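Student: So here's data_8.cif (mmCIF, C-alpha atoms and all ligand atoms).
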data_final
#
loop_
_atom_site.group_PDB
_atom_site.id
_atom_site.type_symbol
_atom_site.label_atom_id
_atom_site.label_comp_id
_atom_site.auth_asym_id
_atom_site.auth_seq_id
_atom_site.Cartn_x
_atom_site.Cartn_y
_atom_site.Cartn_z
ATOM 1 C CA MET A 120 175.510 71.526 109.397
ATOM 2 C CA ALA A 121 178.060 72.753 106.899
ATOM 3 C CA ASN A 122 180.759 70.309 107.942
ATOM 4 C CA ARG A 123 178.399 67.330 107.714
ATOM 5 C CA LEU A 124 177.081 68.065 104.245
ATOM 6 C CA GLY A 125 178.811 68.375 100.890
ATOM 7 C CA SER A 126 178.275 71.678 99.103
ATOM 8 C CA GLU A 127 175.891 70.109 96.575
ATOM 9 C CA MET A 128 173.792 68.707 99.380
ATOM 10 C CA ILE A 129 173.726 72.058 101.172
ATOM 11 C CA GLU A 130 172.499 73.629 97.960
ATOM 12 C CA ALA A 131 169.825 70.952 97.528
ATOM 13 C CA ALA A 132 168.655 71.338 101.137
ATOM 14 C CA ASP A 133 168.535 75.130 100.861
ATOM 15 C CA ALA A 134 166.680 74.995 97.533
ATOM 16 C CA LEU A 135 164.067 72.665 99.012
ATOM 17 C CA PHE A 136 163.663 74.900 102.058
ATOM 18 C CA ASN A 137 163.272 78.012 99.882
ATOM 19 C CA LYS A 138 160.718 76.267 97.689
ATOM 20 C CA ILE A 139 158.535 75.378 100.686
ATOM 21 C CA HIS A 140 159.112 78.694 102.415
ATOM 22 C CA ALA A 141 157.704 80.493 99.355
ATOM 23 C CA TYR A 142 154.256 78.969 99.950
ATOM 24 C CA ASP A 143 154.519 78.297 103.694
ATOM 25 C CA PRO A 144 156.487 81.067 105.454
ATOM 26 C CA SER A 145 155.950 79.378 108.834
ATOM 27 C CA VAL A 146 157.736 76.186 107.698
ATOM 28 C CA ASP A 147 159.928 74.585 110.379
ATOM 29 C CA GLY A 148 163.277 74.832 108.588
ATOM 30 C CA ASP A 149 165.081 73.086 111.396
ATOM 31 C CA LYS A 150 162.875 70.014 111.172
ATOM 32 C CA LEU A 151 163.307 69.932 107.393
ATOM 33 C CA LYS A 152 167.084 70.092 107.670
ATOM 34 C CA ARG A 153 167.167 67.391 110.351
ATOM 35 C CA ALA A 154 165.104 65.145 108.047
ATOM 36 C CA PHE A 155 167.368 65.977 105.133
ATOM 37 C CA ILE A 156 170.492 64.937 107.063
ATOM 38 C CA PHE A 157 168.765 61.883 108.555
ATOM 39 C CA GLY A 158 167.801 60.578 105.110
ATOM 40 C CA MET A 159 171.180 61.352 103.611
ATOM 41 C CA GLU A 160 173.015 59.514 106.379
ATOM 42 C CA ALA A 161 170.629 56.542 106.196
ATOM 43 C CA HIS A 162 171.261 56.115 102.459
ATOM 44 C CA ASP A 163 174.982 56.820 102.747
ATOM 45 C CA GLY A 164 176.959 54.555 100.412
ATOM 46 C CA GLN A 165 173.904 53.380 98.412
ATOM 47 C CA THR A 166 173.685 54.131 94.711
ATOM 48 C CA ARG A 167 170.944 54.296 92.090
ATOM 49 C CA ALA A 168 170.966 52.243 88.877
ATOM 50 C CA SER A 169 172.472 55.343 87.237
ATOM 51 C CA GLY A 170 175.460 55.123 89.566
ATOM 52 C CA GLU A 171 174.528 58.355 91.294
ATOM 53 C CA PRO A 172 174.195 58.562 95.086
ATOM 54 C CA TYR A 173 170.866 57.011 96.118
ATOM 55 C CA TYR A 174 169.825 60.075 98.041
ATOM 56 C CA ILE A 175 169.203 62.103 94.881
ATOM 57 C CA HIS A 176 166.021 60.031 94.546
ATOM 58 C CA PRO A 177 164.312 61.002 97.839
ATOM 59 C CA ILE A 178 165.390 64.619 97.203
ATOM 60 C CA ALA A 179 163.764 64.520 93.743
ATOM 61 C CA VAL A 180 160.574 62.998 95.172
ATOM 62 C CA ALA A 181 160.483 65.692 97.870
ATOM 63 C CA ASN A 182 160.884 68.373 95.208
ATOM 64 C CA ILE A 183 158.024 66.982 93.113
ATOM 65 C CA LEU A 184 155.768 67.280 96.158
ATOM 66 C CA ALA A 185 157.066 70.729 97.129
ATOM 67 C CA ASP A 186 156.295 71.855 93.570
ATOM 68 C CA MET A 187 152.728 70.799 94.337
ATOM 69 C CA ARG A 188 152.856 72.972 97.454
ATOM 70 C CA LEU A 189 152.276 70.102 99.856
ATOM 71 C CA ASP A 190 152.807 70.419 103.579
ATOM 72 C CA LEU A 191 156.109 69.915 105.389
ATOM 73 C CA ASP A 192 155.226 66.450 106.736
ATOM 74 C CA THR A 193 154.589 65.222 103.181
ATOM 75 C CA VAL A 194 157.933 66.584 101.990
ATOM 76 C CA ILE A 195 159.746 65.070 104.982
ATOM 77 C CA THR A 196 158.016 61.740 104.360
ATOM 78 C CA ALA A 197 159.352 61.902 100.799
ATOM 79 C CA LEU A 198 162.902 62.494 102.071
ATOM 80 C CA LEU A 199 162.594 59.481 104.377
ATOM 81 C CA HIS A 200 160.290 57.241 102.331
ATOM 82 C CA ASP A 201 162.865 54.532 101.532
ATOM 83 C CA THR A 202 164.730 54.555 104.843
ATOM 84 C CA VAL A 203 162.714 51.784 106.513
ATOM 85 C CA GLU A 204 162.554 49.622 103.392
ATOM 86 C CA ASP A 205 166.158 50.018 102.236
ATOM 87 C CA CYS A 206 168.164 51.023 105.312
ATOM 88 C CA ASP A 207 168.542 49.946 108.925
ATOM 89 C CA VAL A 208 166.094 52.563 110.122
ATOM 90 C CA THR A 209 163.175 51.514 112.321
ATOM 91 C CA LEU A 210 159.789 53.185 112.611
ATOM 92 C CA ASP A 211 160.548 53.761 116.302
ATOM 93 C CA ALA A 212 163.664 55.692 115.384
ATOM 94 C CA LEU A 213 161.689 57.807 112.917
ATOM 95 C CA GLY A 214 158.978 58.390 115.523
ATOM 96 C CA ALA A 215 161.548 59.424 118.123
ATOM 97 C CA ALA A 216 163.262 61.828 115.719
ATOM 98 C CA PHE A 217 160.277 63.318 113.875
ATOM 99 C CA GLY A 218 157.133 62.367 115.760
ATOM 100 C CA PRO A 219 154.452 59.688 115.317
ATOM 101 C CA ASN A 220 152.881 61.396 112.312
ATOM 102 C CA ILE A 221 155.999 61.088 110.109
ATOM 103 C CA ALA A 222 156.520 57.495 111.301
ATOM 104 C CA ARG A 223 152.932 56.647 110.335
ATOM 105 C CA LEU A 224 153.270 58.255 106.893
ATOM 106 C CA VAL A 225 156.581 56.511 106.122
ATOM 107 C CA ASP A 226 155.070 53.239 107.345
ATOM 108 C CA GLY A 227 152.161 53.724 104.920
ATOM 109 C CA VAL A 228 154.502 54.305 101.970
ATOM 110 C CA THR A 229 156.619 51.280 102.951
ATOM 111 C CA LYS A 230 153.537 49.051 103.087
ATOM 112 C CA LEU A 231 152.362 50.251 99.681
ATOM 113 C CA SER A 232 155.784 49.429 98.238
ATOM 114 C CA ARG A 233 155.623 45.903 99.665
ATOM 115 C CA ILE A 234 152.200 45.233 98.161
ATOM 116 C CA GLY A 235 153.530 46.494 94.841
ATOM 117 C CA LEU A 236 156.124 43.740 94.870
ATOM 118 C CA GLN A 237 153.442 41.094 95.331
ATOM 119 C CA ALA A 238 151.004 42.485 92.770
ATOM 120 C CA GLY A 239 150.118 39.908 90.132
ATOM 121 C CA GLN A 240 149.879 40.135 86.380
ATOM 122 C CA SER A 241 146.167 40.038 85.651
ATOM 123 C CA SER A 242 144.048 43.145 85.619
ATOM 124 C CA LEU A 243 141.664 41.591 88.129
ATOM 125 C CA GLN A 244 144.494 41.446 90.618
ATOM 126 C CA ALA A 245 145.445 44.946 89.622
ATOM 127 C CA GLU A 246 141.896 46.103 90.347
ATOM 128 C CA ASN A 247 142.013 44.437 93.754
ATOM 129 C CA PHE A 248 145.300 46.106 94.376
ATOM 130 C CA ARG A 249 143.860 49.501 93.551
ATOM 131 C CA LYS A 250 140.980 48.929 95.942
ATOM 132 C CA LEU A 251 143.383 47.812 98.615
ATOM 133 C CA LEU A 252 145.526 50.849 98.097
ATOM 134 C CA LEU A 253 142.570 53.124 98.598
ATOM 135 C CA ALA A 254 141.290 51.200 101.588
ATOM 136 C CA MET A 255 144.558 51.191 103.461
ATOM 137 C CA SER A 256 145.477 54.748 102.683
ATOM 138 C CA GLU A 257 143.551 56.643 105.274
ATOM 139 C CA ASP A 258 145.842 59.562 104.667
ATOM 140 C CA VAL A 259 145.989 60.643 101.014
ATOM 141 C CA ARG A 260 149.498 62.006 101.607
ATOM 142 C CA VAL A 261 150.786 58.421 101.670
ATOM 143 C CA LEU A 262 149.476 57.955 98.135
ATOM 144 C CA LEU A 263 150.863 61.284 96.976
ATOM 145 C CA VAL A 264 154.351 60.335 98.174
ATOM 146 C CA LYS A 265 154.033 56.917 96.536
ATOM 147 C CA LEU A 266 152.894 58.466 93.236
ATOM 148 C CA ALA A 267 155.717 61.025 93.308
ATOM 149 C CA ASP A 268 158.123 58.148 94.061
ATOM 150 C CA ARG A 269 156.841 56.189 91.057
ATOM 151 C CA THR A 270 156.953 59.283 88.852
ATOM 152 C CA HIS A 271 160.635 59.849 89.613
ATOM 153 C CA ASN A 272 161.406 56.149 89.143
ATOM 154 C CA MET A 273 159.628 56.170 85.776
ATOM 155 C CA ASN A 274 161.481 59.297 84.700
ATOM 156 C CA THR A 275 164.796 57.558 85.413
ATOM 157 C CA ILE A 276 163.790 54.071 84.212
ATOM 158 C CA ASP A 277 166.228 54.143 81.271
ATOM 159 C CA HIS A 278 169.027 53.491 83.760
ATOM 160 C CA ILE A 279 167.608 50.059 84.596
ATOM 161 C CA PRO A 280 169.658 47.664 82.462
ATOM 162 C CA LYS A 281 167.224 44.722 82.194
ATOM 163 C CA ALA A 282 164.454 45.143 79.602
ATOM 164 C CA GLU A 283 162.131 42.705 81.419
ATOM 165 C CA LYS A 284 162.404 44.715 84.591
ATOM 166 C CA ARG A 285 161.663 47.968 82.759
ATOM 167 C CA THR A 286 158.653 46.325 81.126
ATOM 168 C CA ARG A 287 157.344 44.926 84.411
ATOM 169 C CA ILE A 288 157.641 48.315 86.134
ATOM 170 C CA ALA A 289 155.998 50.117 83.209
ATOM 171 C CA ARG A 290 153.095 47.646 83.140
ATOM 172 C CA GLU A 291 152.578 47.979 86.865
ATOM 173 C CA THR A 292 152.643 51.745 86.454
ATOM 174 C CA LEU A 293 149.973 51.680 83.739
ATOM 175 C CA GLU A 294 147.785 49.097 85.434
ATOM 176 C CA ILE A 295 147.977 50.360 88.966
ATOM 177 C CA TYR A 296 149.569 53.711 89.602
ATOM 178 C CA ALA A 297 148.249 55.785 86.675
ATOM 179 C CA PRO A 298 144.621 54.666 87.290
ATOM 180 C CA LEU A 299 145.138 55.319 90.975
ATOM 181 C CA ALA A 300 146.342 58.848 90.233
ATOM 182 C CA GLU A 301 143.320 59.314 87.996
ATOM 183 C CA ARG A 302 140.981 58.061 90.687
ATOM 184 C CA ILE A 303 142.220 60.521 93.285
ATOM 185 C CA GLY A 304 142.141 63.270 90.657
ATOM 186 C CA VAL A 305 145.853 64.102 90.427
ATOM 187 C CA THR A 306 146.055 64.319 86.661
ATOM 188 C CA ASN A 307 149.611 65.622 86.516
ATOM 189 C CA PHE A 308 150.805 62.338 88.048
ATOM 190 C CA GLN A 309 148.423 60.358 85.886
ATOM 191 C CA HIS A 310 149.716 61.827 82.624
ATOM 192 C CA ALA A 311 153.377 61.784 83.642
ATOM 193 C CA LEU A 312 153.063 58.111 84.602
ATOM 194 C CA GLU A 313 151.101 57.139 81.488
ATOM 195 C CA ASN A 314 153.486 58.849 79.111
ATOM 196 C CA ALA A 315 156.596 57.450 80.756
ATOM 197 C CA ALA A 316 155.176 53.918 80.942
ATOM 198 C CA PHE A 317 153.827 53.920 77.422
ATOM 199 C CA GLY A 318 157.239 55.089 76.234
ATOM 200 C CA VAL A 319 158.739 51.926 77.722
ATOM 201 C CA LEU A 320 155.999 49.628 76.418
ATOM 202 C CA GLN A 321 155.669 51.338 73.065
ATOM 203 C CA ASP A 322 157.605 48.701 71.160
ATOM 204 C CA GLU A 323 155.853 45.765 72.673
ATOM 205 C CA MET A 324 152.252 46.891 72.888
ATOM 206 C CA ALA A 325 151.768 49.817 70.602
ATOM 207 C CA GLN A 326 153.540 48.868 67.411
ATOM 208 C CA THR A 327 150.349 47.691 65.752
ATOM 209 C CA ILE A 328 148.353 50.634 67.059
ATOM 210 C CA THR A 329 150.949 53.089 65.843
ATOM 211 C CA ALA A 330 151.219 51.386 62.458
ATOM 212 C CA ARG A 331 147.458 51.430 62.053
ATOM 213 C CA LEU A 332 147.297 55.057 63.174
ATOM 214 C CA ASP A 333 149.993 56.032 60.698
ATOM 215 C CA TYR A 334 147.838 54.545 58.001
ATOM 216 C CA MET A 335 144.797 56.355 59.328
ATOM 217 C CA VAL A 336 146.552 59.711 59.571
ATOM 218 C CA HIS A 337 146.360 59.745 55.816
ATOM 219 C CA GLU A 338 142.650 59.106 55.851
ATOM 220 C CA SER A 339 142.045 61.473 58.728
ATOM 221 C CA GLU A 340 143.720 64.376 56.938
ATOM 222 C CA ILE A 341 140.769 64.339 54.590
ATOM 223 C CA ILE A 342 138.036 63.187 56.953
ATOM 224 C CA ILE A 343 138.682 65.421 59.960
ATOM 225 C CA PRO A 344 138.355 68.775 58.114
ATOM 226 C CA MET A 345 135.328 67.410 56.252
ATOM 227 C CA ILE A 346 133.514 66.375 59.424
ATOM 228 C CA SER A 347 134.553 69.596 61.192
ATOM 229 C CA VAL A 348 132.993 71.758 58.479
ATOM 230 C CA GLU A 349 129.843 69.655 58.516
ATOM 231 C CA LEU A 350 129.553 69.815 62.315
ATOM 232 C CA GLN A 351 130.043 73.562 62.336
ATOM 233 C CA ASP A 352 127.318 73.891 59.733
ATOM 234 C CA VAL A 353 124.874 71.698 61.691
ATOM 235 C CA VAL A 354 125.448 73.576 64.951
ATOM 236 C CA GLU A 355 125.315 77.042 63.395
ATOM 237 C CA ARG A 356 122.142 76.244 61.507
ATOM 238 C CA GLY A 357 120.740 75.500 64.987
ATOM 239 C CA GLY A 358 121.506 79.080 65.922
ATOM 240 C CA VAL A 359 124.746 78.645 67.913
ATOM 241 C CA GLU A 360 128.075 80.079 66.866
ATOM 242 C CA CYS A 361 130.907 77.646 67.324
ATOM 243 C CA SER A 362 134.391 76.596 66.382
ATOM 244 C CA VAL A 363 135.198 72.958 65.764
ATOM 245 C CA SER A 364 138.504 71.143 66.025
ATOM 246 C CA GLY A 365 139.222 67.498 65.336
ATOM 247 C CA ARG A 366 142.112 65.175 66.046
ATOM 248 C CA LEU A 367 143.252 61.630 65.811
ATOM 249 C CA LYS A 368 143.565 60.159 69.300
ATOM 250 C CA SER A 369 146.963 59.320 70.748
ATOM 251 C CA PRO A 370 148.236 55.733 70.600
ATOM 252 C CA TYR A 371 148.106 55.613 74.385
ATOM 253 C CA SER A 372 144.473 56.705 74.689
ATOM 254 C CA ILE A 373 143.495 54.176 72.001
ATOM 255 C CA TRP A 374 145.436 51.393 73.655
ATOM 256 C CA ARG A 375 143.863 52.221 76.971
ATOM 257 C CA LYS A 376 140.367 52.070 75.575
ATOM 258 C CA MET A 377 141.092 48.750 73.885
ATOM 259 C CA GLN A 378 142.247 47.391 77.237
ATOM 260 C CA ARG A 379 139.287 48.782 79.115
ATOM 261 C CA LYS A 380 136.662 47.584 76.671
ATOM 262 C CA LYS A 381 138.592 44.451 75.723
ATOM 263 C CA VAL A 382 138.169 45.113 72.001
ATOM 264 C CA THR A 383 140.412 45.283 68.941
ATOM 265 C CA MET A 384 141.242 48.556 67.293
ATOM 266 C CA ASP A 385 138.708 47.852 64.522
ATOM 267 C CA GLN A 386 135.945 47.472 67.088
ATOM 268 C CA LEU A 387 136.754 50.806 68.618
ATOM 269 C CA SER A 388 134.238 53.448 67.640
ATOM 270 C CA ASP A 389 136.177 56.557 68.451
ATOM 271 C CA ILE A 390 139.549 56.863 66.829
ATOM 272 C CA MET A 391 138.928 60.482 65.971
ATOM 273 C CA ALA A 392 137.691 63.115 68.389
ATOM 274 C CA PHE A 393 136.039 66.450 67.740
ATOM 275 C CA ARG A 394 135.634 69.399 70.030
ATOM 276 C CA ILE A 395 132.982 72.052 69.541
ATOM 277 C CA LEU A 396 133.516 75.314 71.393
ATOM 278 C CA VAL A 397 130.401 77.379 72.031
ATOM 279 C CA PRO A 398 129.833 80.641 73.960
ATOM 280 C CA SER A 399 127.899 79.305 76.978
ATOM 281 C CA THR A 400 126.775 76.195 78.866
ATOM 282 C CA ALA A 401 123.242 76.577 77.532
ATOM 283 C CA ASP A 402 124.661 76.735 74.008
ATOM 284 C CA CYS A 403 126.334 73.377 74.690
ATOM 285 C CA TYR A 404 122.933 71.728 74.989
ATOM 286 C CA GLN A 405 121.507 73.668 72.067
ATOM 287 C CA ALA A 406 124.432 72.426 69.961
ATOM 288 C CA LEU A 407 123.997 68.900 71.277
ATOM 289 C CA GLY A 408 120.308 69.039 70.331
ATOM 290 C CA SER A 409 121.175 70.038 66.754
ATOM 291 C CA ILE A 410 123.673 67.198 66.510
ATOM 292 C CA HIS A 411 121.251 64.616 67.887
ATOM 293 C CA ALA A 412 118.635 65.803 65.400
ATOM 294 C CA ALA A 413 121.075 65.522 62.503
ATOM 295 C CA TYR A 414 122.726 62.175 63.334
ATOM 296 C CA PRO A 415 121.366 59.026 64.924
ATOM 297 C CA ASN A 416 122.688 58.481 68.411
ATOM 298 C CA VAL A 417 124.166 55.047 69.132
ATOM 299 C CA MET A 418 122.121 53.659 72.008
ATOM 300 C CA GLY A 419 124.024 53.311 75.232
ATOM 301 C CA ARG A 420 127.015 55.200 73.918
ATOM 302 C CA PHE A 421 125.953 58.723 74.733
ATOM 303 C CA LYS A 422 127.507 60.171 77.869
ATOM 304 C CA ASP A 423 126.951 63.582 79.361
ATOM 305 C CA TYR A 424 129.736 64.082 81.863
ATOM 306 C CA HIS A 425 129.013 67.700 82.550
ATOM 307 C CA ILE A 426 131.698 67.741 85.183
ATOM 308 C CA ASP A 427 132.769 71.279 84.523
ATOM 309 C CA PRO A 428 129.983 73.759 83.773
ATOM 310 C CA GLN A 429 132.669 76.418 83.255
ATOM 311 C CA ALA A 430 134.231 74.490 80.422
ATOM 312 C CA GLN A 431 131.414 75.248 78.022
ATOM 313 C CA TRP A 432 132.417 72.699 75.515
ATOM 314 C CA LEU A 433 131.034 69.648 73.976
ATOM 315 C CA SER A 434 133.065 66.916 72.413
ATOM 316 C CA ILE A 435 131.756 64.419 69.959
ATOM 317 C CA ALA A 436 133.510 61.208 69.110
ATOM 318 C CA SER A 437 133.063 59.527 65.796
ATOM 319 C CA TYR A 438 134.491 56.867 63.599
ATOM 320 C CA ARG A 439 133.866 56.847 59.888
ATOM 321 C CA GLY A 440 130.652 58.744 60.113
ATOM 322 C CA TYR A 441 129.020 56.728 62.899
ATOM 323 C CA TRP A 442 128.288 59.057 65.732
ATOM 324 C CA ALA A 443 129.277 57.456 68.953
ATOM 325 C CA GLY A 444 128.072 60.170 71.240
ATOM 326 C CA LYS A 445 129.701 62.633 73.521
ATOM 327 C CA SER A 446 133.013 61.655 74.966
ATOM 328 C CA GLN A 447 135.720 63.486 76.805
ATOM 329 C CA ASP A 448 138.709 61.328 76.124
HETATM 330 MN MN MN B 1 161.589 55.411 96.374
#
Rewrite the structure of this file - the entire thing - as C-alpha cells.
Ligand code: MN

Tutor:
Amino acid sequence: MANRLGSEMIEAADALFNKIHAYDPSVDGDKLKRAFIFGMEAHDGQTRASGEPYYIHPIAVANILADMRLDLDTVITALLHDTVEDCDVTLDALGAAFGPNIARLVDGVTKLSRIGLQAGQSSLQAENFRKLLLAMSEDVRVLLVKLADRTHNMNTIDHIPKAEKRTRIARETLEIYAPLAERIGVTNFQHALENAAFGVLQDEMAQTITARLDYMVHESEIIIPMISVELQDVVERGGVECSVSGRLKSPYSIWRKMQRKKVTMDQLSDIMAFRILVPSTADCYQALGSIHAAYPNVMGRFKDYHIDPQAQWLSIASYRGYWAGKSQD
C-alpha cells in the first residue's frame, strides 16, 4: 500500500482505521483500506472549490461518521459516496469490489443528491422532498451519510466563490436537511447545519431580526431578571424550590418560528424564554400548577412535551407579560 499512497494519505487512512478500531475491534481493516484506495483513485485529479484534492471531502465525511461510532459499511459508503456521481465508477464495479450492500448504500446517497438538485424553491416542495427522502431511505445509513456530506460541505462553503450559489445551498440546507436531521433525531447534525446555513443567510434574512433583537436586548436586561424573580416567587409560594433562568432567543430560532408560523416578529409571542429547574418530575407539575393559577393560559398555546421525564424541568415562554405556555424551544 505504501507505494500507492502519499504519506499524508497513509496517515489519514491509519487515523480512520484507529478511530473505528477503538469502538469496533473486529473491524475489517483490509476492506477499509481497499475502500480508501478505491475512492482516492476514483477522485484522482479532481479538486475542491478550495483547490485542495477532492478526496479530502469523502475522508472528512467518513471521519464525521466514525466520530459517531457508525459501522464500517457506513464509513466505507462515506469514502465512496461521490464516486458514482462524480467519477466513472459504476454501481456494478462497487458491488464487485465491496459487495451489494455498499453498492446499495452508495446508490441511495447518489439518488438523494440528484433529487437535491431538482428541489424547488417553495416550502411546499421542500416538504414533499422531505417526505420523499424518508420514503426512499429504507436504510437510515443513507441519510446519515447524506447529512454528514452536507455538514462537511456547509463547513467549507466559504470556498464557493459565487454568493448566489452559497445562498441557494444554505437555503436548501435550512429547508430540507436540517429539518430532516431533526426528524430522525440527530440533533448534532441539525444544529451544525442550522448554524452554518444561518451564518451564510444572516445578511439576507436575519438583518431585521438581529436589529430588532439588539433593540430588545436593552429591554430584556430589565425584564428578564424581573420576570425570573417573580416566577421563582410564584413557584416557591406553591411549595416547590426552584431556580429560574431566562434568555432572549437566538436570531435563528426566532427566524425559524416566523417561517413555521408565517408571522412577523411582532406577532411572535415568545421572544424570551425562561427555564425553571425543580427537584423532581412531580415538582414540575406542581410548579406548572402554581404558574397556571397565577397567570392566564393562552388557549391553544400550552404544550406539555414531557419527552424526557429525567429532565425534570419546565420551560415557560413569554412575551411582555403574556404567558404563552410551556415551550421547549
Ligand atoms: Mn459529497

Student: List all protein, DNA and RNA residues that have at least one atom no more than 7 Å from any atom of ligand MN 1 (chain B), counting only C-alpha atoms and all ligand atoms, and write them as a PyMOL selection string.

Tutor: chain A and resi 176-177+200-201+268

Student: For Gly158 of chain A, which residue among A:Ala134, A:Ile395, A:Met335, A:Met128 is the nearest when counting all atoms listed in the file?

Tutor: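 Among the listed residues, A:Met128 lies closest to Gly158 of chain A.
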
Student: For this structure, which residues satisfy the selection - the PyMOL selection byres (((chain A and resi 312) around 9) and not hetatm) - when it is evaluated on the file as given? I want them as JSON, numbers by chain.

Tutor: {"A": [266, 269, 270, 273, 274, 289, 292, 293, 296, 297, 300, 307, 308, 309, 310, 311, 313, 314, 315, 316, 317]}

Student: When you count only C-alpha atoms, which of these residues is closest to Ala412 of chain A: A:Val180, A:Leu210, A:Gly357, A:Ala132?

Tutor: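 The closest residue to Ala412 of chain A is A:Gly357.
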
Student: If we count only C-alpha atoms, what is near Ala161 of chain A at a cut-off of 12 Å, once residues fewer than 6 positions away on the same chain are taken out, given as a PDB file with C-alpha atoms, in the frame of the given file?

Tutor:
ATOM      1  CA  ALA A 154     165.104  65.145 108.047  1.00  0.00           C
ATOM      2  CA  PHE A 155     167.368  65.977 105.133  1.00  0.00           C
ATOM      3  CA  PRO A 172     174.195  58.562  95.086  1.00  0.00           C
ATOM      4  CA  TYR A 173     170.866  57.011  96.118  1.00  0.00           C
ATOM      5  CA  TYR A 174     169.825  60.075  98.041  1.00  0.00           C
ATOM      6  CA  PRO A 177     164.312  61.002  97.839  1.00  0.00           C
ATOM      7  CA  LEU A 198     162.902  62.494 102.071  1.00  0.00           C
ATOM      8  CA  LEU A 199     162.594  59.481 104.377  1.00  0.00           C
ATOM      9  CA  HIS A 200     160.290  57.241 102.331  1.00  0.00           C
ATOM     10  CA  ASP A 201     162.865  54.532 101.532  1.00  0.00           C
ATOM     11  CA  THR A 202     164.730  54.555 104.843  1.00  0.00           C
ATOM     12  CA  VAL A 203     162.714  51.784 106.513  1.00  0.00           C
ATOM     13  CA  GLU A 204     162.554  49.622 103.392  1.00  0.00           C
ATOM     14  CA  ASP A 205     166.158  50.018 102.236  1.00  0.00           C
ATOM     15  CA  CYS A 206     168.164  51.023 105.312  1.00  0.00           C
ATOM     16  CA  ASP A 207     168.542  49.946 108.925  1.00  0.00           C
ATOM     17  CA  VAL A 208     166.094  52.563 110.122  1.00  0.00           C
ATOM     18  CA  THR A 209     163.175  51.514 112.321  1.00  0.00           C
ATOM     19  CA  ALA A 212     163.664  55.692 115.384  1.00  0.00           C
ATOM     20  CA  LEU A 213     161.689  57.807 112.917  1.00  0.00           C
TER      21      LEU A 213
END

Student: Using only C-alpha atoms, which residue out of A:Asp192, A:Glu349, A:Glu301, A:Asp389 lies closest to Gly218 of chain A?

Tutor: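 Among A:Asp192, A:Glu349, A:Glu301, A:Asp389, it is A:Asp192 that comes nearest to Gly218 of chain A.
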
Student: So what do you get for atom CA of Pro344 of chain A versus atom CA of Arg394 of chain A, distance-wise?

Tutor: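 Separating atom CA of Pro344 of chain A from atom CA of Arg394 of chain A is a distance of 12.2 Å.
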
Student: Regenerate segment 135-146 of chain A at the level of N, CA, C and O atoms and dump it as a compact mmCIF listing (two decimals), in the frame of the given file.

Tutor:
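New file part_3.txt:
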# COMPACT_ATOMS: atom_id res chain seq x y z
N LEU A 135 165.33 73.28 98.58
CA LEU A 135 164.07 72.67 99.01
C LEU A 135 163.39 73.54 100.07
O LEU A 135 162.19 73.79 100.02
N PHE A 136 164.21 74.02 101.02
CA PHE A 136 163.66 74.90 102.06
C PHE A 136 163.05 76.15 101.43
O PHE A 136 161.92 76.53 101.74
N ASN A 137 163.78 76.78 100.51
CA ASN A 137 163.27 78.01 99.88
C ASN A 137 161.98 77.77 99.12
O ASN A 137 161.08 78.60 99.12
N LYS A 138 161.91 76.60 98.46
CA LYS A 138 160.72 76.27 97.69
C LYS A 138 159.50 76.18 98.61
O LYS A 138 158.43 76.72 98.31
N ILE A 139 159.67 75.52 99.76
CA ILE A 139 158.54 75.38 100.69
C ILE A 139 158.23 76.72 101.35
O ILE A 139 157.08 77.12 101.49
N HIS A 140 159.28 77.41 101.73
CA HIS A 140 159.11 78.69 102.42
C HIS A 140 158.31 79.69 101.57
O HIS A 140 157.56 80.51 102.10
N ALA A 141 158.43 79.58 100.24
CA ALA A 141 157.70 80.49 99.36
C ALA A 141 156.20 80.33 99.49
O ALA A 141 155.46 81.30 99.32
N TYR A 142 155.70 79.12 99.79
CA TYR A 142 154.26 78.97 99.95
C TYR A 142 153.84 78.74 101.40
O TYR A 142 152.66 78.79 101.73
N ASP A 143 154.83 78.47 102.28
CA ASP A 143 154.52 78.30 103.69
C ASP A 143 155.60 78.99 104.53
O ASP A 143 156.57 78.36 104.96
N PRO A 144 155.45 80.30 104.74
CA PRO A 144 156.49 81.07 105.45
C PRO A 144 156.72 80.58 106.88
O PRO A 144 157.77 80.84 107.46
N SER A 145 155.77 79.83 107.46
CA SER A 145 155.95 79.38 108.83
C SER A 145 156.62 78.00 108.89
O SER A 145 156.67 77.35 109.93
N VAL A 146 157.15 77.53 107.75
CA VAL A 146 157.74 76.19 107.70
C VAL A 146 158.88 76.04 108.71
O VAL A 146 159.68 76.96 108.91
